[in-house]
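Undergrad: Next comes the structure file entry.cif, holding mmCIF, C-alpha atoms.
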data_entry
loop_
_atom_site.label_atom_id
_atom_site.label_comp_id
_atom_site.auth_asym_id
_atom_site.auth_seq_id
_atom_site.Cartn_x
_atom_site.Cartn_y
_atom_site.Cartn_z
CA MET A 1 30.80 -7.79 -24.11
CA ALA A 2 28.00 -7.12 -21.63
CA THR A 3 28.29 -8.42 -18.08
CA VAL A 4 26.25 -8.35 -14.88
CA ALA A 5 27.44 -5.45 -12.74
CA ALA A 6 24.94 -5.91 -9.90
CA ILE A 7 22.05 -8.11 -8.78
CA MET A 8 19.39 -6.54 -6.57
CA ARG A 9 16.28 -7.69 -4.81
CA TYR A 10 13.71 -5.56 -3.03
CA PRO A 11 12.09 -7.60 -0.24
CA VAL A 12 9.67 -4.79 0.68
CA LYS A 13 7.99 -2.90 -2.14
CA GLY A 14 8.92 0.77 -2.03
CA LEU A 15 11.97 0.40 0.21
CA SER A 16 15.64 0.31 -0.73
CA GLY A 17 17.06 -2.97 -1.99
CA GLN A 18 19.58 -5.64 -1.12
CA ALA A 19 22.64 -6.37 -3.27
CA LEU A 20 23.32 -10.05 -3.92
CA ASP A 21 26.38 -11.80 -5.32
CA ASP A 22 24.38 -14.56 -6.94
CA VAL A 23 20.86 -15.97 -7.15
CA HIS A 24 19.37 -19.33 -8.06
CA LEU A 25 16.40 -18.95 -10.39
CA GLN A 26 13.45 -21.18 -11.23
CA PRO A 27 11.47 -21.11 -14.49
CA GLY A 28 8.53 -18.72 -14.35
CA GLN A 29 9.69 -17.23 -11.04
CA ALA A 30 11.38 -14.05 -9.90
CA ILE A 31 14.29 -13.76 -7.48
CA ALA A 32 13.21 -15.52 -4.30
CA GLY A 33 12.03 -12.90 -1.80
CA ASP A 34 11.80 -10.06 -4.30
CA ARG A 35 8.80 -7.82 -3.51
CA ALA A 36 7.62 -10.45 -1.03
CA PHE A 37 6.14 -7.77 1.25
CA ALA A 38 4.33 -4.51 0.72
CA VAL A 39 2.77 -1.90 2.98
CA ARG A 40 -0.81 -1.33 1.87
CA HIS A 41 -2.85 1.76 2.51
CA GLY A 42 -5.55 1.37 5.11
CA ASN A 43 -8.22 1.68 2.43
CA THR A 44 -6.65 -1.04 0.23
CA ALA A 45 -8.28 -4.46 0.33
CA PHE A 46 -5.87 -7.39 0.05
CA ASP A 47 -6.75 -11.01 0.82
CA PRO A 48 -3.59 -13.11 1.53
CA LYS A 49 -5.64 -16.27 0.99
CA ALA A 50 -6.58 -15.15 -2.51
CA PRO A 51 -3.89 -12.65 -3.52
CA MET A 52 -4.34 -10.63 -6.67
CA HIS A 53 -2.10 -8.21 -8.54
CA LEU A 54 -2.83 -4.62 -7.52
CA SER A 55 -1.63 -1.27 -8.78
CA LYS A 56 1.36 0.27 -7.02
CA THR A 57 -0.94 3.14 -6.00
CA LYS A 58 -2.55 0.77 -3.49
CA PHE A 59 0.70 0.61 -1.47
CA LEU A 60 3.32 2.89 -0.01
CA ALA A 61 5.64 3.52 -2.95
CA LEU A 62 8.20 6.06 -4.12
CA MET A 63 5.88 7.11 -6.93
CA THR A 64 3.65 8.87 -4.41
CA HIS A 65 5.75 8.94 -1.21
CA ALA A 66 9.24 10.32 -1.88
CA ARG A 67 10.06 10.39 1.84
CA LEU A 68 10.40 6.59 1.80
CA ALA A 69 13.81 7.19 0.19
CA ALA A 70 14.99 8.72 3.47
CA LEU A 71 14.92 5.21 4.95
CA ARG A 72 17.85 2.86 4.44
CA ALA A 73 16.65 -0.73 4.60
CA GLU A 74 18.87 -3.64 5.60
CA PHE A 75 17.80 -7.26 5.40
CA ASP A 76 19.17 -10.56 6.62
CA ALA A 77 19.88 -13.36 4.15
CA SER A 78 16.25 -14.50 4.24
CA GLY A 79 14.97 -11.06 3.33
CA LYS A 80 12.51 -11.20 6.24
CA VAL A 81 14.39 -9.54 9.11
CA LEU A 82 14.28 -5.83 8.33
CA ALA A 83 16.16 -2.96 9.92
CA LEU A 84 15.40 0.64 8.96
CA TYR A 85 17.80 3.54 9.40
CA GLN A 86 17.52 7.27 8.87
CA ASN A 87 20.62 9.46 8.98
CA GLY A 88 22.51 6.57 10.57
CA GLU A 89 19.99 6.05 13.37
CA LYS A 90 18.20 2.71 13.62
CA LEU A 91 14.47 3.36 13.77
CA PHE A 92 13.06 -0.15 13.43
CA GLU A 93 14.07 -3.81 13.47
CA GLY A 94 11.79 -6.80 13.24
CA ASN A 95 11.05 -10.12 11.59
CA LEU A 96 8.35 -9.40 9.04
CA GLY A 97 7.49 -13.09 8.88
CA THR A 98 6.09 -13.06 12.43
CA PRO A 99 2.84 -11.45 13.66
CA GLU A 100 4.79 -9.44 16.22
CA GLY A 101 7.25 -8.12 13.65
CA ALA A 102 4.48 -7.28 11.20
CA ALA A 103 2.53 -5.41 13.87
CA ALA A 104 5.62 -3.44 14.87
CA CYS A 105 6.21 -2.59 11.20
CA ASP A 106 2.63 -1.33 10.92
CA ALA A 107 3.12 0.91 13.95
CA PHE A 108 6.38 2.26 12.56
CA PHE A 109 4.95 3.22 9.18
CA SER A 110 1.84 4.70 10.74
CA ALA A 111 4.04 7.07 12.74
CA PHE A 112 6.57 7.68 9.95
CA MET A 113 4.05 8.45 7.21
CA GLY A 114 1.52 10.30 9.35
CA ASP A 115 -1.16 12.01 7.30
CA GLU A 116 0.52 10.98 4.03
CA ALA A 117 -0.84 7.45 4.44
CA LYS A 118 -4.36 6.70 3.28
CA GLY A 119 -5.63 5.11 6.46
CA ALA A 120 -3.53 2.99 8.79
CA PRO A 121 -0.69 1.28 6.83
CA ARG A 122 -0.58 -2.51 7.03
CA LEU A 123 2.22 -4.89 6.07
CA VAL A 124 0.94 -7.62 3.74
CA SER A 125 2.33 -10.78 2.19
CA ALA A 126 1.04 -14.04 0.78
CA PRO A 127 2.71 -17.36 -0.04
CA ASP A 128 4.25 -17.35 -3.53
CA HIS A 129 2.92 -13.83 -4.24
CA MET A 130 5.01 -10.97 -5.63
CA PHE A 131 4.06 -7.31 -5.27
CA SER A 132 5.47 -6.39 -8.65
CA ASP A 133 4.39 -3.59 -10.95
CA VAL A 134 3.31 -6.23 -13.48
CA PRO A 135 1.25 -9.39 -12.96
CA GLU A 136 3.97 -11.70 -14.26
CA LYS A 137 6.80 -12.94 -12.08
CA CYS A 138 9.90 -11.68 -13.79
CA LEU A 139 13.21 -9.86 -13.37
CA SER A 140 13.83 -6.28 -14.44
CA VAL A 141 17.00 -5.59 -16.42
CA LEU A 142 18.74 -2.21 -16.68
CA ASN A 143 21.43 -1.04 -19.11
CA LEU A 144 23.83 1.20 -17.17
CA ASN A 145 24.97 2.96 -20.33
CA SER A 146 21.37 4.00 -20.99
CA VAL A 147 21.30 5.49 -17.50
CA ARG A 148 24.49 7.38 -18.31
CA ALA A 149 23.00 8.70 -21.54
CA LEU A 150 19.96 9.93 -19.63
CA SER A 151 22.24 11.45 -16.99
CA ALA A 152 24.12 13.39 -19.65
CA GLU A 153 20.85 14.73 -21.04
CA VAL A 154 19.59 16.03 -17.69
CA GLY A 155 23.02 17.24 -16.55
CA GLN A 156 22.98 15.16 -13.36
CA GLU A 157 24.54 11.81 -12.49
CA LEU A 158 21.55 9.58 -11.87
CA ASP A 159 21.83 6.74 -9.39
CA PRO A 160 20.87 3.51 -11.24
CA LEU A 161 19.01 2.47 -8.09
CA ARG A 162 16.33 5.01 -9.01
CA PHE A 163 15.14 2.42 -11.51
CA ARG A 164 14.87 -0.44 -8.97
CA ALA A 165 16.09 -3.09 -11.41
CA ASN A 166 17.08 -6.63 -10.46
CA ILE A 167 19.96 -6.91 -12.95
CA HIS A 168 22.35 -4.09 -13.88
CA LEU A 169 24.23 -4.65 -17.14
CA GLU A 170 27.59 -3.09 -18.00
CA GLY A 171 29.08 -3.01 -21.49
CA LEU A 172 25.99 -2.64 -23.69
CA PRO A 173 25.69 0.36 -26.01
CA ALA A 174 23.22 2.91 -24.68
CA TRP A 175 19.62 2.01 -25.57
CA ALA A 176 20.60 -1.32 -27.15
CA GLU A 177 17.94 -2.99 -25.01
CA ARG A 178 15.23 -1.07 -26.89
CA ASP A 179 15.94 -3.31 -29.87
CA TRP A 180 15.06 -6.45 -27.91
CA ALA A 181 11.66 -7.47 -29.22
CA ASN A 182 9.00 -8.98 -26.99
CA GLY A 183 9.48 -12.74 -27.07
CA SER A 184 13.15 -12.57 -28.02
CA GLY A 185 15.72 -14.22 -25.81
CA PHE A 186 18.95 -13.67 -23.95
CA HIS A 187 21.19 -15.71 -21.66
CA ILE A 188 22.98 -14.75 -18.47
CA GLY A 189 25.27 -17.41 -17.06
CA GLY A 190 23.36 -20.68 -17.33
CA VAL A 191 19.91 -19.08 -17.40
CA ALA A 192 17.82 -18.33 -20.47
CA PHE A 193 15.39 -15.42 -20.38
CA THR A 194 12.55 -14.36 -22.63
CA VAL A 195 11.85 -10.65 -23.03
CA LEU A 196 8.38 -9.95 -21.66
CA LYS A 197 8.26 -6.26 -22.57
CA GLN A 198 9.97 -2.92 -22.24
CA ILE A 199 9.57 -1.10 -18.92
CA VAL A 200 7.47 2.07 -18.90
CA ARG A 201 8.73 4.42 -16.20
CA CYS A 202 6.73 6.26 -13.54
CA ASN A 203 7.35 9.13 -11.15
CA ALA A 204 9.28 6.88 -8.76
CA THR A 205 12.34 7.50 -10.94
CA ASN A 206 12.08 11.22 -10.17
CA VAL A 207 13.06 10.70 -6.53
CA ASN A 208 16.57 11.73 -5.53
CA LEU A 209 17.64 8.88 -3.25
CA GLU A 210 19.97 11.14 -1.28
CA THR A 211 17.53 13.96 -0.54
CA ALA A 212 14.27 11.94 -0.60
CA GLU A 213 12.74 14.65 -2.81
CA TYR A 214 11.48 14.80 -6.37
CA ASP A 215 14.14 16.54 -8.46
CA GLN A 216 13.52 15.40 -12.06
CA ASN A 217 10.83 14.52 -14.57
CA LEU A 218 12.55 11.55 -16.16
CA PRO A 219 9.51 10.01 -17.88
CA GLN A 220 9.04 13.32 -19.72
CA VAL A 221 12.73 13.49 -20.69
CA LEU A 222 12.70 9.90 -21.91
CA MET A 223 9.69 10.65 -24.08
CA LYS A 224 10.82 14.00 -25.47
CA LYS A 225 14.55 13.40 -25.87
CA PHE A 226 14.75 9.64 -26.47
CA GLY A 227 11.48 8.94 -28.27
CA ALA A 228 9.70 6.80 -25.67
CA ASN A 229 9.21 6.64 -21.91
CA LEU A 230 11.09 3.34 -21.67
CA MET A 231 14.06 2.26 -19.58
CA GLY A 232 14.98 -1.42 -19.29
CA VAL A 233 13.14 -4.67 -19.98
CA TYR A 234 11.31 -7.33 -18.03
CA GLY A 235 12.71 -10.85 -18.50
CA LEU A 236 10.96 -14.16 -17.85
CA VAL A 237 13.11 -17.02 -16.55
CA ALA A 238 13.00 -19.99 -18.93
CA ASN A 239 15.05 -22.61 -17.07
CA GLU A 240 16.49 -23.40 -13.66
CA GLY A 241 19.97 -22.09 -13.03
CA ALA A 242 22.17 -19.56 -11.27
CA ILE A 243 23.36 -16.11 -12.27
CA ARG A 244 26.24 -14.25 -10.64
CA VAL A 245 27.78 -10.82 -10.70
CA GLY A 246 30.32 -10.89 -13.53
CA ASP A 247 28.35 -13.31 -15.71
CA THR A 248 28.21 -12.54 -19.41
CA LEU A 249 25.08 -11.62 -21.33
CA THR A 250 24.51 -13.19 -24.76
CA LEU A 251 21.58 -12.55 -27.07
CA ALA A 252 19.71 -15.53 -28.47
#
Transcribe the structure of this file into structure tokens.
TA:
Amino acid sequence: MATVAAIMRYPVKGLSGQALDDVHLQPGQAIAGDRAFAVRHGNTAFDPKAPMHLSKTKFLALMTHARLAALRAEFDASGKVLALYQNGEKLFEGNLGTPEGAAACDAFFSAFMGDEAKGAPRLVSAPDHMFSDVPEKCLSVLNLNSVRALSAEVGQELDPLRFRANIHLEGLPAWAERDWANGSGFHIGGVAFTVLKQIVRCNATNVNLETAEYDQNLPQVLMKKFGANLMGVYGLVANEGAIRVGDTLTLA
């Protein structure tokens, strides 16, 4: 029997996440507040009045900026008040939903990233917009036994948080999720999901979250040793309802 071991949201794209005990979901929507903010490069154009999906390369992200993993992010219940720590020292605190907090966040990342940023970093958000890696609003689902199988192959215990999933599942056979066809369904608690597609992995997974350095080539290992550079699935919410840690997964 597969159950939900953890629920995560990531209020700011590229930063560490926030563990939740439960979430209320709406059809066609992601977890409220997930990827609600991003820090764009200075040369990235983003119009909050007409937001469009953009590649992760347009923002500060672990794929290209491993040192972001050195920051530990803490959020209030709203996901808007952010505090950033490094080695136990608080470096920043502010309400990202206010002009003052956003400006302070810009100044922090400009100093923290230095020459690694492409122009002056700017915090961006837009009503009802999600800075996801895919255009659709969805939840990412990770099989912890697949992570363990990958860990055994590389000879290193991999932190599941490398994969930045919203839902961590315990109790599935390793790689069972690869058999979930696009358009198939599953239920968690009282919520039905439709599989959007398998998740192709990028270099963000290569970042060691403890050292903030690249220490693996997991997309290559997934391809060469497990047949495809895939880890997890994206799920679309089909109906309103709540999911909680400990809920059971059933396949439709």
Undergrad: Quick one: which residues end up in the PyMOL selection byres ((chain A and resi 128) around 12) for this structure, as a list in words?
TA: Gly28, Gln29, Ala30, Ile31, Ala32, Gly33, Asp34, Arg35, Ala36, Phe37, Pro48, Lys49, Ala50, Pro51, Met52, Ser125, Ala126, Pro127, His129, Met130, Phe131 and Lys137 of chain A
Undergrad: Compile a residue-level contact table for region 51-145 of chain A against region 171-183 of chain A at a cut-off of 10 Å, reporting for every qualifying residue the shortest atom pair and its distance in Å to one decimal, with only C-alpha atoms counted, rows ordered by chain and ascending number, as CSV.
TA:
residue,atom,partner,partner_atom,distance
A:Val141,CA,A:Glu177,CA,9.0
A:Leu142,CA,A:Glu177,CA,8.4
A:Asn143,CA,A:Leu172,CA,6.7
A:Leu144,CA,A:Ala174,CA,7.7
A:Asn145,CA,A:Ala174,CA,4.7
Undergrad: Quick one: apply the PyMOL selection byres ((chain A and resi 211-225) around 6) to the file and drop the selected residues here as number ranges by chain.
TA: A: 66-67, 69-70, 201, 206-210, 226-229
Undergrad: Once the PyMOL selection byres ((chain A and resi 2-14) around 7) has been applied to the shown file, what residues remain in the selection, as a ChimeraX atom specification?
TA: /A:1,15-21,31,33-38,60-62,79,131,165-172,245-249
Undergrad: Figure out the distance between CA of Ser132 (chain A) and CA of Ala107 (chain A), please, to one decimal in Å.
TA: 23.9 Å
Undergrad: Would you mind listing what lies within 7 Å of Asn95 (chain A) as an MDAnalysis selection string, with all atoms listed in the file counted and same-chain residues fewer than 4 positions away left out?
TA: chainID A and resid 80:82 101
Undergrad: Find the distance between CA of Gln86 (chain A) and CA of Glu74 (chain A) and write it in Å to one decimal.
TA: 11.5 Å
Undergrad: May I ask for the distance between CA of Leu230 (chain A) and CA of Ile199 (chain A), given in Å to one decimal place?
TA: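 It comes out at 5.4 Å.
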Undergrad: How big is the axis-aligned box, and where does its centre sit, when it encloses all atoms of region 49-58 of chain A listed in the file and has 6 Å added on every side, reported in Å to one decimal as JSON?
TA:
{"center_x": -2.6, "center_y": -6.6, "center_z": -3.9, "size_x": 19.9, "size_y": 31.4, "size_z": 21.8}
Undergrad: Taking into account all atoms listed in the file, which residue in the set A:Ala77, A:Leu196, A:Ala120, A:Ala204 is nearest to Val134 (chain A)?
TA: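 Closest residue, counting all atoms listed in the file: A:Leu196.
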Undergrad: Taking into account all atoms listed in the file, which residue in the set A:Asp115, A:Phe109, A:Leu123, A:Phe46 is nearest to Leu91 (chain A)?
TA: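 Counting all atoms listed in the file, the residue closest to Leu91 (chain A) is A:Phe109.
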Undergrad: Let me make sure I understand: among A:Ala104, A:Val200, A:Leu251, A:Ala152, which one has the smallest atom-to-atom distance to Asp133 (chain A) if we use all atoms listed in the file?
TA: A:Val200
Undergrad: Excluding Val195 (chain A) and residues on its chain fewer than 2 positions from it, collect all residues at most 9 Å away from it, counting only C-alpha atoms, and give them as a short mmCIF file (atom, residue, chain, number, x, y, z; two decimals) with C-alpha atoms, in the coordinates of the input.
TA:
data_model
loop_
_atom_site.label_atom_id
_atom_site.label_comp_id
_atom_site.auth_asym_id
_atom_site.auth_seq_id
_atom_site.Cartn_x
_atom_site.Cartn_y
_atom_site.Cartn_z
CA TRP A 180 15.06 -6.45 -27.91
CA ALA A 181 11.66 -7.47 -29.22
CA ASN A 182 9.00 -8.98 -26.99
CA GLY A 183 9.48 -12.74 -27.07
CA SER A 184 13.15 -12.57 -28.02
CA GLY A 185 15.72 -14.22 -25.81
CA PHE A 186 18.95 -13.67 -23.95
CA PHE A 193 15.39 -15.42 -20.38
CA LYS A 197 8.26 -6.26 -22.57
CA GLN A 198 9.97 -2.92 -22.24
CA VAL A 233 13.14 -4.67 -19.98
CA TYR A 234 11.31 -7.33 -18.03
CA GLY A 235 12.71 -10.85 -18.50
CA LEU A 236 10.96 -14.16 -17.85
#
Undergrad: With distances taken over only C-alpha atoms, which residue among A:Gly232, A:Thr205, A:Asp106, A:Gly241 lies nearest Met63 (chain A)?
TA: A:Thr205
